[in-house]
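Have a look at my_file32.cif; it's mmCIF, C-alpha atoms and all ligand atoms:
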```
data_upload
#
loop_
_atom_site.label_atom_id
_atom_site.label_comp_id
_atom_site.auth_asym_id
_atom_site.auth_seq_id
_atom_site.Cartn_x
_atom_site.Cartn_y
_atom_site.Cartn_z
CA MET A 1 52.50 -21.33 23.88
CA ASN A 2 50.52 -19.91 20.93
CA GLU A 3 53.54 -17.96 19.89
CA MET A 4 55.67 -21.09 19.94
CA VAL A 5 53.09 -22.94 17.86
CA ALA A 6 53.16 -20.11 15.34
CA ASP A 7 56.98 -20.18 15.27
CA PHE A 8 57.07 -23.89 14.60
CA ARG A 9 54.60 -23.77 11.72
CA GLY A 10 54.96 -20.24 10.38
CA PRO A 11 57.58 -18.48 8.24
CA THR A 12 61.24 -19.29 8.63
CA THR A 13 62.68 -19.12 12.13
CA ASN A 14 65.57 -17.03 10.80
CA PHE A 15 68.42 -18.41 12.91
CA THR A 16 70.58 -18.24 9.77
CA ALA A 17 70.20 -14.48 9.58
CA LEU A 18 70.69 -14.15 13.34
CA MET A 19 74.00 -15.95 12.96
CA ASP A 20 75.00 -13.49 10.20
CA LEU A 21 75.10 -16.09 7.47
CA PRO A 22 73.96 -15.72 3.87
CA THR A 23 70.91 -17.77 2.91
CA GLY A 24 71.76 -18.87 -0.65
CA PRO A 25 72.66 -22.39 -1.74
CA VAL A 26 76.02 -23.77 -0.50
CA PRO A 27 78.64 -25.57 -2.62
CA THR A 28 78.92 -29.37 -2.74
CA GLU A 29 82.57 -29.27 -3.78
CA PRO A 30 83.87 -29.36 -0.17
CA TYR A 31 82.28 -32.80 0.22
CA ARG A 32 83.67 -34.47 -2.87
CA SER A 33 86.97 -32.87 -3.80
CA PRO A 34 90.27 -34.60 -2.93
CA ALA A 35 92.02 -31.23 -3.41
CA TYR A 36 89.68 -29.55 -0.94
CA PHE A 37 90.36 -32.34 1.54
CA GLU A 38 94.10 -31.63 1.27
CA LEU A 39 93.39 -28.01 2.19
CA GLU A 40 91.27 -29.11 5.16
CA ARG A 41 94.12 -31.36 6.27
CA GLU A 42 96.74 -28.58 6.23
CA ARG A 43 94.66 -25.53 7.11
CA ILE A 44 92.18 -26.97 9.59
CA PHE A 45 93.21 -30.25 11.19
CA LYS A 46 96.90 -29.35 11.48
CA ARG A 47 96.12 -25.87 12.90
CA ALA A 48 92.96 -26.11 15.02
CA TRP A 49 92.76 -27.41 18.58
CA LEU A 50 91.22 -30.87 18.39
CA CYS A 51 89.09 -32.26 21.20
CA LEU A 52 90.02 -35.83 22.08
CA GLY A 53 87.35 -36.41 24.74
CA ARG A 54 87.07 -36.51 28.51
CA GLU A 55 90.07 -36.57 30.81
CA GLU A 56 88.28 -39.19 32.96
CA ARG A 57 89.49 -41.66 30.34
CA LEU A 58 92.86 -41.24 32.03
CA GLU A 59 91.78 -42.46 35.40
CA LYS A 60 95.09 -42.38 37.31
CA PRO A 61 98.81 -41.68 36.85
CA GLY A 62 100.07 -44.14 34.24
CA SER A 63 96.75 -44.32 32.38
CA TYR A 64 97.13 -43.77 28.65
CA PHE A 65 95.24 -44.01 25.40
CA VAL A 66 96.24 -43.86 21.75
CA GLN A 67 94.28 -41.67 19.37
CA PRO A 68 94.74 -42.24 15.64
CA ILE A 69 94.38 -38.98 13.70
CA GLU A 70 94.41 -40.20 10.12
CA VAL A 71 93.85 -36.79 8.58
CA ALA A 72 97.13 -35.61 10.10
CA LYS A 73 98.76 -38.98 9.40
CA ALA A 74 99.43 -39.10 13.13
CA SER A 75 99.02 -41.44 16.05
CA VAL A 76 98.87 -39.62 19.38
CA LEU A 77 99.80 -41.13 22.73
CA VAL A 78 98.06 -39.37 25.62
CA CYS A 79 99.35 -40.10 29.14
CA ARG A 80 98.40 -39.13 32.70
CA GLN A 81 101.56 -38.08 34.53
CA LYS A 82 102.69 -38.71 38.10
CA ASP A 83 101.64 -35.17 39.06
CA GLY A 84 98.19 -35.64 37.53
CA SER A 85 98.86 -33.52 34.45
CA ILE A 86 98.27 -34.82 30.93
CA LYS A 87 100.91 -35.01 28.22
CA ALA A 88 100.59 -36.05 24.60
CA PHE A 89 103.28 -37.34 22.25
CA HIS A 90 103.63 -38.58 18.73
CA ASN A 91 103.34 -42.34 19.15
CA VAL A 92 106.54 -42.78 17.17
CA CYS A 93 109.84 -44.23 18.33
CA ALA A 94 112.81 -41.88 18.08
CA HIS A 95 115.08 -44.63 16.76
CA ARG A 96 113.71 -45.53 13.33
CA SER A 97 110.17 -44.22 13.73
CA ASN A 98 108.33 -47.44 14.38
CA THR A 99 104.90 -47.06 15.98
CA LEU A 100 105.56 -47.29 19.70
CA VAL A 101 102.33 -48.32 21.46
CA LEU A 102 100.20 -50.79 19.56
CA ASP A 103 97.16 -51.15 21.82
CA THR A 104 94.46 -48.51 22.28
CA GLU A 105 94.54 -47.87 26.03
CA GLY A 106 95.88 -49.15 29.31
CA THR A 107 98.15 -48.34 32.21
CA ALA A 108 101.93 -48.22 31.94
CA THR A 109 104.71 -46.03 33.18
CA ARG A 110 107.09 -47.29 30.48
CA PHE A 111 106.66 -48.10 26.83
CA VAL A 112 108.92 -50.46 24.90
CA CYS A 113 109.30 -50.21 21.13
CA ARG A 114 108.90 -53.68 19.64
CA TYR A 115 111.53 -53.15 16.96
CA HIS A 116 114.77 -52.85 18.96
CA ASN A 117 113.45 -52.53 22.52
CA TRP A 118 114.10 -48.83 23.09
CA THR A 119 112.24 -47.92 26.28
CA TYR A 120 110.49 -44.65 27.13
CA ARG A 121 109.01 -43.27 30.35
CA ASN A 122 105.45 -42.01 30.13
CA ASP A 123 106.75 -38.43 30.35
CA GLY A 124 108.36 -39.03 26.97
CA ALA A 125 111.97 -39.40 28.14
CA LEU A 126 114.09 -42.12 26.56
CA ALA A 127 115.03 -44.43 29.42
CA GLY A 128 116.88 -47.34 27.88
CA VAL A 129 118.69 -48.29 24.68
CA PRO A 130 120.01 -51.84 24.18
CA ASP A 131 123.72 -51.91 23.25
CA GLU A 132 123.90 -48.16 23.65
CA ARG A 133 127.72 -48.17 23.39
CA ASN A 134 127.57 -49.27 19.77
CA PHE A 135 125.93 -45.95 18.78
CA PHE A 136 128.00 -42.86 18.04
CA GLY A 137 127.76 -40.52 21.00
CA LEU A 138 124.00 -41.04 21.28
CA ASP A 139 122.48 -38.23 23.38
CA LYS A 140 119.50 -39.90 25.02
CA LYS A 141 118.18 -36.53 26.22
CA THR A 142 117.46 -35.47 22.65
CA CYS A 143 115.86 -38.79 21.69
CA GLY A 144 112.66 -38.63 23.69
CA LEU A 145 109.18 -38.86 22.24
CA LYS A 146 108.13 -35.79 20.26
CA SER A 147 105.64 -33.91 22.40
CA ILE A 148 102.37 -32.45 21.17
CA ALA A 149 100.74 -29.33 22.63
CA THR A 150 97.99 -30.39 25.06
CA GLU A 151 95.55 -28.37 27.13
CA THR A 152 92.40 -29.21 29.02
CA TRP A 153 89.27 -27.13 29.39
CA GLU A 154 86.45 -28.18 31.71
CA GLY A 155 87.75 -31.74 31.73
CA TRP A 156 87.99 -32.00 27.94
CA ILE A 157 91.39 -32.87 26.47
CA PHE A 158 92.56 -30.93 23.42
CA ILE A 159 95.69 -31.21 21.34
CA ASN A 160 97.18 -29.00 18.67
CA LEU A 161 99.45 -30.45 16.00
CA GLN A 162 101.27 -27.21 15.27
CA ARG A 163 104.77 -27.38 16.76
CA GLU A 164 104.08 -24.06 18.43
CA PRO A 165 100.33 -23.43 18.42
CA GLU A 166 99.59 -19.96 17.07
CA VAL A 167 96.64 -19.51 19.42
CA SER A 168 95.97 -20.85 22.91
CA LEU A 169 93.03 -23.15 23.58
CA ALA A 170 91.29 -20.28 25.40
CA GLU A 171 91.62 -18.09 22.30
CA PHE A 172 90.39 -20.90 20.09
CA LEU A 173 87.29 -21.49 22.24
CA GLY A 174 86.65 -17.76 22.71
CA ASP A 175 83.29 -16.80 24.23
CA PHE A 176 82.08 -20.37 23.95
CA GLY A 177 84.76 -21.39 26.44
CA GLU A 178 83.53 -18.77 28.91
CA GLN A 179 79.83 -19.51 28.61
CA TYR A 180 80.19 -23.26 28.95
CA ARG A 181 82.19 -23.14 32.16
CA GLY A 182 81.00 -25.09 35.20
CA ILE A 183 78.79 -27.69 33.56
CA PRO A 184 78.86 -30.85 35.69
CA TYR A 185 79.21 -33.79 33.34
CA GLN A 186 77.59 -36.77 35.03
CA ASN A 187 79.04 -40.25 34.49
CA ALA A 188 81.99 -38.81 32.59
CA ASN A 189 84.08 -41.85 33.50
CA LYS A 190 81.58 -44.40 32.19
CA SER A 191 80.54 -44.77 28.60
CA ILE A 192 79.75 -47.14 25.81
CA LEU A 193 81.55 -46.55 22.55
CA TYR A 194 80.33 -47.07 19.01
CA VAL A 195 82.99 -46.93 16.27
CA SER A 196 82.22 -47.14 12.59
CA HIS A 197 84.10 -46.65 9.33
CA LEU A 198 81.89 -45.01 6.75
CA ASN A 199 82.53 -44.29 3.09
CA ALA A 200 81.56 -40.65 3.22
CA ASN A 201 83.22 -37.29 3.77
CA TRP A 202 83.54 -36.34 7.47
CA LYS A 203 81.14 -33.42 6.97
CA VAL A 204 78.45 -35.71 5.56
CA ILE A 205 78.54 -37.70 8.79
CA ALA A 206 78.72 -34.63 11.03
CA ASP A 207 75.82 -33.04 9.12
CA ALA A 208 73.71 -36.15 9.82
CA PHE A 209 73.79 -35.24 13.51
CA ALA A 210 73.58 -31.47 13.08
CA GLU A 211 69.94 -30.95 12.20
CA THR A 212 66.53 -32.30 13.22
CA TYR A 213 64.81 -31.61 9.88
CA HIS A 214 65.43 -35.27 8.96
CA ILE A 215 63.73 -36.66 12.05
CA PRO A 216 60.14 -37.09 10.82
CA ALA A 217 61.46 -38.69 7.61
CA ILE A 218 64.09 -41.14 8.81
CA HIS A 219 63.16 -41.76 12.44
CA PRO A 220 59.35 -42.16 12.29
CA GLU A 221 59.32 -45.32 14.38
CA THR A 222 62.06 -44.46 16.88
CA ILE A 223 62.29 -40.79 17.85
CA GLY A 224 59.87 -39.30 15.32
CA SER A 225 57.31 -38.43 17.94
CA THR A 226 59.93 -37.49 20.54
CA PHE A 227 61.40 -34.60 18.55
CA ALA A 228 58.33 -33.63 16.55
CA SER A 229 54.68 -33.16 17.40
CA LYS A 230 51.48 -31.77 15.98
CA GLU A 231 52.64 -28.31 17.08
CA ASN A 232 56.08 -28.76 15.53
CA PRO A 233 55.61 -31.32 12.74
CA TYR A 234 58.98 -30.68 11.08
CA ALA A 235 61.06 -30.70 14.26
CA ARG A 236 62.24 -27.10 13.98
CA PRO A 237 64.87 -26.17 16.57
CA ILE A 238 64.12 -23.89 19.51
CA SER A 239 67.23 -21.74 19.29
CA ALA A 240 70.63 -21.55 17.60
CA GLN A 241 73.86 -19.76 18.40
CA GLY A 242 77.39 -19.39 17.08
CA TRP A 243 80.66 -18.40 18.76
CA GLY A 244 83.41 -17.92 16.19
CA PRO A 245 83.75 -21.31 14.48
CA HIS A 246 81.70 -23.14 17.18
CA ARG A 247 77.92 -23.51 17.21
CA SER A 248 74.96 -24.97 19.05
CA VAL A 249 71.25 -25.60 18.56
CA SER A 250 68.62 -26.48 21.10
CA THR A 251 66.27 -29.04 19.68
CA TYR A 252 62.59 -29.42 20.33
CA GLY A 253 61.19 -32.22 22.47
CA ASN A 254 57.56 -33.24 22.44
CA PRO A 255 56.41 -32.62 26.02
CA GLU A 256 53.47 -34.96 25.53
CA TYR A 257 55.52 -37.90 24.38
CA ALA A 258 54.62 -41.26 25.86
CA PRO A 259 55.56 -44.62 24.39
CA PRO A 260 52.70 -45.95 22.23
CA GLU A 261 50.58 -48.87 23.44
CA ARG A 262 52.30 -51.36 21.15
CA ALA A 263 55.81 -50.41 22.42
CA ARG A 264 55.56 -52.83 25.33
CA VAL A 265 59.25 -53.09 26.15
CA GLU A 266 59.70 -49.34 26.01
CA ARG A 267 56.72 -48.86 28.30
CA LEU A 268 58.10 -51.38 30.71
CA ALA A 269 61.59 -49.83 30.65
CA TYR A 270 60.41 -46.28 31.19
CA SER A 271 57.87 -47.01 33.85
CA SER A 272 60.74 -46.89 36.32
CA ILE A 273 61.61 -43.23 35.90
CA ALA A 274 59.57 -40.16 36.52
CA THR A 275 59.78 -38.71 33.04
CA GLY A 276 59.38 -39.58 29.41
CA ASN A 277 63.10 -39.13 29.02
CA VAL A 278 63.97 -41.52 26.26
CA LEU A 279 67.29 -39.99 25.36
CA SER A 280 69.45 -41.32 28.08
CA ALA A 281 69.92 -44.21 30.39
CA ALA A 282 70.86 -41.96 33.29
CA GLY A 283 68.43 -41.15 36.05
CA LEU A 284 67.48 -37.55 36.67
CA ASP A 285 69.13 -37.27 40.07
CA ASP A 286 71.61 -34.42 40.26
CA MET A 287 70.59 -33.16 36.85
CA ASP A 288 69.20 -29.92 38.21
CA VAL A 289 72.48 -28.04 38.09
CA PHE A 290 72.91 -29.27 34.57
CA LEU A 291 69.49 -28.01 33.53
CA LYS A 292 69.86 -24.69 35.32
CA HIS A 293 73.15 -23.85 33.64
CA PRO A 294 72.54 -20.73 31.55
CA ALA A 295 74.34 -22.11 28.48
CA ILE A 296 72.14 -25.21 28.32
CA ASN A 297 68.75 -24.75 26.69
CA PRO A 298 69.48 -20.99 26.82
CA THR A 299 65.86 -19.92 26.27
CA LYS A 300 64.83 -22.36 29.06
CA SER A 301 62.10 -23.68 26.81
CA GLN A 302 59.75 -26.27 28.27
CA HIS A 303 59.89 -27.99 24.89
CA TRP A 304 63.58 -28.71 25.12
CA ALA A 305 65.03 -32.11 24.23
CA VAL A 306 68.77 -31.85 23.46
CA ASP A 307 71.48 -29.24 22.91
CA VAL A 308 73.68 -30.23 20.00
CA THR A 309 76.95 -28.36 20.33
CA TRP A 310 79.48 -28.61 17.55
CA LEU A 311 83.01 -27.64 18.47
CA PHE A 312 85.00 -26.85 15.37
CA PRO A 313 86.07 -28.78 13.49
CA HIS A 314 85.10 -32.37 14.21
CA PHE A 315 83.53 -32.78 17.65
CA GLN A 316 79.91 -32.71 18.80
CA LEU A 317 78.69 -32.66 22.38
CA ASP A 318 75.05 -33.48 23.04
CA VAL A 319 73.43 -32.61 26.34
CA SER A 320 69.93 -33.77 27.29
CA PRO A 321 67.97 -33.81 30.54
CA GLY A 322 69.24 -37.33 31.18
CA GLY A 323 72.94 -36.99 30.40
CA PHE A 324 75.44 -36.34 27.63
CA TRP A 325 77.05 -38.05 24.68
CA THR A 326 79.68 -37.13 22.11
CA HIS A 327 80.57 -37.67 18.47
CA HIS A 328 84.01 -37.51 16.90
CA PHE A 329 84.10 -37.34 13.11
CA TRP A 330 87.68 -38.26 12.24
CA PRO A 331 88.38 -37.71 8.55
CA VAL A 332 90.36 -40.50 6.88
CA THR A 333 90.20 -39.60 3.19
CA TYR A 334 88.02 -37.15 1.27
CA ASN A 335 85.32 -39.84 1.18
CA SER A 336 85.90 -41.96 4.27
CA THR A 337 85.53 -41.25 7.96
CA ARG A 338 86.04 -42.97 11.28
CA TRP A 339 83.10 -42.02 13.47
CA GLU A 340 83.25 -42.52 17.23
CA ALA A 341 80.16 -42.02 19.40
CA ARG A 342 80.37 -42.26 23.18
CA PHE A 343 77.28 -42.46 25.37
CA HIS A 344 77.80 -41.81 29.05
CA MET A 345 75.71 -43.63 31.62
CA PRO A 346 76.08 -44.76 35.22
CA ASP A 347 76.38 -48.30 36.52
CA ALA A 348 72.85 -49.63 36.91
CA GLN A 349 71.73 -49.50 40.54
CA ASP A 350 68.86 -51.94 40.24
CA VAL A 351 67.22 -54.24 37.79
CA TRP A 352 64.89 -51.57 36.45
CA GLN A 353 67.73 -49.27 35.62
CA ARG A 354 69.54 -52.15 33.98
CA LEU A 355 66.50 -52.93 31.87
CA GLN A 356 66.20 -49.29 30.92
CA GLN A 357 69.87 -49.14 29.94
CA GLU A 358 69.68 -52.29 27.85
CA HIS A 359 66.63 -50.88 26.12
CA TYR A 360 68.41 -47.57 25.61
CA ILE A 361 71.49 -49.23 24.10
CA ALA A 362 69.41 -51.37 21.72
CA ARG A 363 67.34 -48.38 20.71
CA LEU A 364 70.42 -46.23 20.23
CA GLY A 365 71.85 -48.76 17.79
CA GLU A 366 68.65 -48.53 15.80
CA ILE A 367 68.58 -44.71 15.81
CA LEU A 368 72.25 -44.40 14.88
CA LEU A 369 71.79 -46.80 11.97
CA GLU A 370 68.89 -44.68 10.77
CA ASP A 371 71.12 -41.61 11.06
CA VAL A 372 74.07 -42.94 9.09
CA GLY A 373 72.03 -45.13 6.74
CA ASN A 374 71.84 -42.37 4.13
CA THR A 375 75.38 -41.09 4.40
CA GLU A 376 77.16 -43.40 1.95
CA ARG A 377 74.40 -42.94 -0.62
CA THR A 378 74.65 -39.19 -0.09
CA GLN A 379 78.39 -39.33 -0.74
CA GLN A 380 77.80 -41.25 -3.98
CA GLY A 381 75.27 -38.64 -5.03
CA LEU A 382 77.69 -35.82 -4.22
CA GLU A 383 80.47 -37.47 -6.21
CA SER A 384 78.20 -38.05 -9.19
CA GLY A 385 78.50 -34.32 -9.84
CA ALA A 386 74.74 -34.06 -10.36
CA HIS A 387 74.50 -30.93 -8.22
CA ASP A 388 77.09 -28.24 -7.63
CA THR A 389 75.13 -26.60 -4.84
CA MET A 390 72.56 -27.52 -2.22
CA PRO A 391 69.81 -25.43 -0.66
CA LEU A 392 69.74 -25.45 3.14
CA GLN A 393 66.75 -24.51 5.27
CA ASP A 394 66.90 -22.62 8.54
CA GLY A 395 66.91 -25.80 10.64
CA GLU A 396 70.11 -26.81 8.85
CA VAL A 397 71.93 -23.69 10.03
CA MET A 398 74.77 -25.59 11.74
CA ILE A 399 75.74 -27.18 8.42
CA ARG A 400 75.88 -23.77 6.76
CA HIS A 401 77.83 -22.34 9.69
CA ASN A 402 80.34 -25.17 9.48
CA LEU A 403 80.88 -24.78 5.72
CA HIS A 404 81.37 -21.05 6.25
CA HIS A 405 84.07 -21.59 8.86
CA VAL A 406 85.74 -24.46 7.01
CA GLN A 407 86.17 -22.08 4.08
CA LYS A 408 87.34 -19.31 6.39
CA TRP A 409 90.07 -21.52 7.88
CA ILE A 410 91.15 -22.62 4.42
CA ASP A 411 91.37 -19.03 3.19
CA ALA A 412 93.13 -17.69 6.30
CA GLU A 413 96.90 -17.35 6.31
CA THR A 414 97.07 -17.94 10.05
CA ALA A 415 94.89 -19.59 12.69
CA ARG A 416 94.51 -16.19 14.32
CA ASP A 417 93.16 -14.74 11.06
CA ALA A 418 90.76 -17.68 10.81
CA LEU A 419 89.35 -16.81 14.22
CA ALA A 420 89.16 -13.06 13.58
S1 LIG B 501 112.47 -48.30 15.82
FE1 LIG B 501 111.99 -48.33 17.90
S2 LIG B 501 113.62 -49.34 18.81
FE2 LIG B 501 114.18 -49.27 16.74
FE FE B 502 68.85 -38.40 13.54
#
```
Would you mind writing the structure in this file as structure tokens?
Ligand code: FES
Ligand SMILES: [Fe+2]
Amino acid sequence: MNEMVADFRGPTTNFTALMDLPTGPVPTEPYRSPAYFELERERIFKRAWLCLGREERLEKPGSYFVQPIEVAKASVLVCRQKDGSIKAFHNVCAHRSNTLVLDTEGTATRFVCRYHNWTYRNDGALAGVPDERNFFGLDKKTCGLKSIATETWEGWIFINLQREPEVSLAEFLGDFGEQYRGIPYQNANKSILYVSHLNANWKVIADAFAETYHIPAIHPETIGSTFASKENPYARPISAQGWGPHRSVSTYGNPEYAPPERARVERLAYSSIATGNVLSAAGLDDMDVFLKHPAINPTKSQHWAVDVTWLFPHFQLDVSPGGFWTHHFWPVTYNSTRWEARFHMPDAQDVWQRLQQEHYIARLGEILLEDVGNTERTQQGLESGAHDTMPLQDGEVMIRHNLHHVQKWIDAETARDALA
């Protein structure tokens, strides 16, 4: 305990050095340069495996969803097949390239293009062409939807926009993929989704969720005393790790946290569960396996609140004692981003749980607004050109690690070189 107190208040925790990163200031150019964004588009987003989320979204054969990937100028149609497997296609008709599916999700075994009624099966095959005889030897077999490489790992769907991916998903995930096997994701089929368009570079938004240094400053009334305490006033993380381009930190939780006297609704909501867990609307049943998993809270600290795991390039997975949530930072232009946050929670079993969930959702909205409230102003500041570099402290190690690997992927001739 004394040692931990000393760590949280003493000299730098040195995770940056442990992760083999230099400690000098980092450049701001990657956040404000249209030319740099073009390199990210070609070298990163068109070469890396991209996590699209949980496969539970595709509940049964015929289930589908459409994922816009603006940075690749693509729309991706992801479909559960008859045999249970998952296939992804460019959501583009093979006739004159109209967008095929216009809604965001649903169930269908056939898709009809609304331009000239060409019809496709959900395995991508072209099934019907009106007035087919008026074409010139049309070979329907070669006019299916263009498929996109898809793999799943631990229930997470990934795609790769290279025609022939240079590396497999297993190679891309490397040791991370091994260590994070067997985590039971509770309530994976139930979530609430927040989507927002923000006028800031995708890394500005991702960075906002990648460190806890900001917590005492921007969340004093919401989670300020959950993630910081007298012992750890600046919310230093407990541990940090990197695996190739992927990274994770375990954040500190104040073990003494209790809602203050004046927070009447919060006190009421949390009186129904046996813990001061204010980070999730899930109960703690069945969470043991989750907490015992060696990859989660790897030092098994009693002061643990959340593991923030950032899968390169654009996906964050957060795991807390009460459940998990995810962030997708989808780049649109060099200074705009579509941010999707999904919070997983079960159906409420009783009125208390419902109250707790409603409280959680309202509170989440508040916290998320605090988190992204600075991002557009930050982007303006970056674009002003006032500063060419920024200093990062040890608690901001994931930001440094990301910039390092973004540059590495840009410099690398091949995806395999980028991972080397
Ligand atoms: S573009 Fe789709 S049917 Fe013509
Ligand atoms: Fe925050």
If you take every atom of ligand LIG 501 (chain B) that the file lists and fit an axis-aligned box around them with 3 Å extra on each side, what centre and edge lengths come out in Å to one decimal, as AutoDock Vina command-line options?
```
--center_x 113.1 --center_y -48.8 --center_z 17.3 --size_x 8.2 --size_y 7.0 --size_z 9.0
```
> When you draw a straight line from atom CA of A:Ala295 to atom CA of A:Gly323, how long is it in Å?
Replying inline: 15.1 Å
>> Taking 3 positions as the minimum chain separation for residues in the same chain, which residues sit within 9 Å of A:Ala210 when counting all atoms listed in the file? Answer as a VMD selection string.
In response: chain A and resid 206 to 207 248 to 249 308 to 310 316 396 to 399
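When atom CA of A:Gln241 is paired with atom CA of A:Ser168, their separation reads 22.6 Å.
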>> Need the shell around stretch 352-362 of chain A: protein/DNA/RNA residues with any atom at most 6 Å away, counting all atoms listed in the file. Skip same-chain ones fewer than 2 positions apart. Format as a VMD selection string?
In response: chain A and resid 269 281 348 350 364 to 365
> Taking (116.3, -44.9, 30.9) in the file's coordinates, which residues come within 10 Å, counting all atoms listed in the file, written as an NGL selection string?
Replying inline: :A and (110 or 118-121 or 125-129 or 140-141)
Taking all atoms listed in the file into account, which residues are within 10 Å of ligand FE 502 (chain B), as a compact mmCIF listing (two decimals) with C-alpha atoms, in the coordinates of the input?
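Dumped everything to result.txt:
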```
# COMPACT_ATOMS: atom_id res chain seq x y z
CA ASP A 207 75.82 -33.04 9.12
CA ALA A 208 73.71 -36.15 9.82
CA PHE A 209 73.79 -35.24 13.51
CA ALA A 210 73.58 -31.47 13.08
CA GLU A 211 69.94 -30.95 12.20
CA THR A 212 66.53 -32.30 13.22
CA TYR A 213 64.81 -31.61 9.88
CA HIS A 214 65.43 -35.27 8.96
CA ILE A 215 63.73 -36.66 12.05
CA PRO A 216 60.14 -37.09 10.82
CA ALA A 217 61.46 -38.69 7.61
CA ILE A 218 64.09 -41.14 8.81
CA HIS A 219 63.16 -41.76 12.44
CA THR A 222 62.06 -44.46 16.88
CA ILE A 223 62.29 -40.79 17.85
CA GLY A 224 59.87 -39.30 15.32
CA PHE A 227 61.40 -34.60 18.55
CA ILE A 367 68.58 -44.71 15.81
CA LEU A 368 72.25 -44.40 14.88
CA LEU A 369 71.79 -46.80 11.97
CA GLU A 370 68.89 -44.68 10.77
CA ASP A 371 71.12 -41.61 11.06
CA VAL A 372 74.07 -42.94 9.09
```
Write out, as a tab-separated table, each residue of chain A that has an atom at most 8 Å from ligand LIG 501 (chain B), together with the closest pair of atoms and their distance in Å to one decimal, counting only C-alpha atoms and all ligand atoms, rows going by chain and rising number.
```
residue	atom	partner	partner_atom	distance
A:Val92	CA	B:LIG501	FE1	7.8
A:Cys93	CA	B:LIG501	FE1	4.6
A:Ala94	CA	B:LIG501	FE1	6.5
A:His95	CA	B:LIG501	S1	4.6
A:Arg96	CA	B:LIG501	S1	3.9
A:Ser97	CA	B:LIG501	S1	5.1
A:Asn98	CA	B:LIG501	S1	4.5
A:Thr99	CA	B:LIG501	FE1	7.5
A:Leu100	CA	B:LIG501	FE1	6.8
A:Val112	CA	B:LIG501	S2	7.8
A:Cys113	CA	B:LIG501	FE1	4.6
A:Arg114	CA	B:LIG501	FE1	6.4
A:Tyr115	CA	B:LIG501	FE2	4.7
A:His116	CA	B:LIG501	S2	3.7
A:Asn117	CA	B:LIG501	S2	4.9
A:Trp118	CA	B:LIG501	S2	4.3
A:Thr119	CA	B:LIG501	S2	7.7
A:Val129	CA	B:LIG501	S2	7.8
```
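With all atoms listed in the file as the basis for measurement, A:Gly62 is the residue among A:Gln393, A:Phe135, A:Ile69, A:Gly62 that approaches A:Asp83 most closely.
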> Could you pull the residues within 12 Å of stretch 25-38 of chain A, counting all atoms listed in the file, minus those fewer than 6 positions along the same chain, as a VMD selection string?
Replying inline: chain A and resid 44 to 46 71 to 73 199 to 207 331 to 337 375 to 376 378 to 394 396 to 397 399 to 407 409 to 411
> Given the choices A:Ser147, A:Gln81, A:Asn14, A:Thr23, which gets closest to A:Arg236 if the distance is worked out from only C-alpha atoms?
Replying inline: A:Asn14
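Going from atom CA of A:Ala418 to atom CA of A:Ala341 covers 27.9 Å.
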> Which is closest to A:Leu169 among A:Val195, A:Pro184, A:Trp330, A:Ala48, if we use all atoms listed in the file?
Replying inline: A:Ala48
> Out of A:Tyr257, A:Phe136, A:Trp156, A:Phe15, which residue has the shortest atom-to-atom distance to A:Arg57 when counting all atoms listed in the file?
Replying inline: A:Trp156
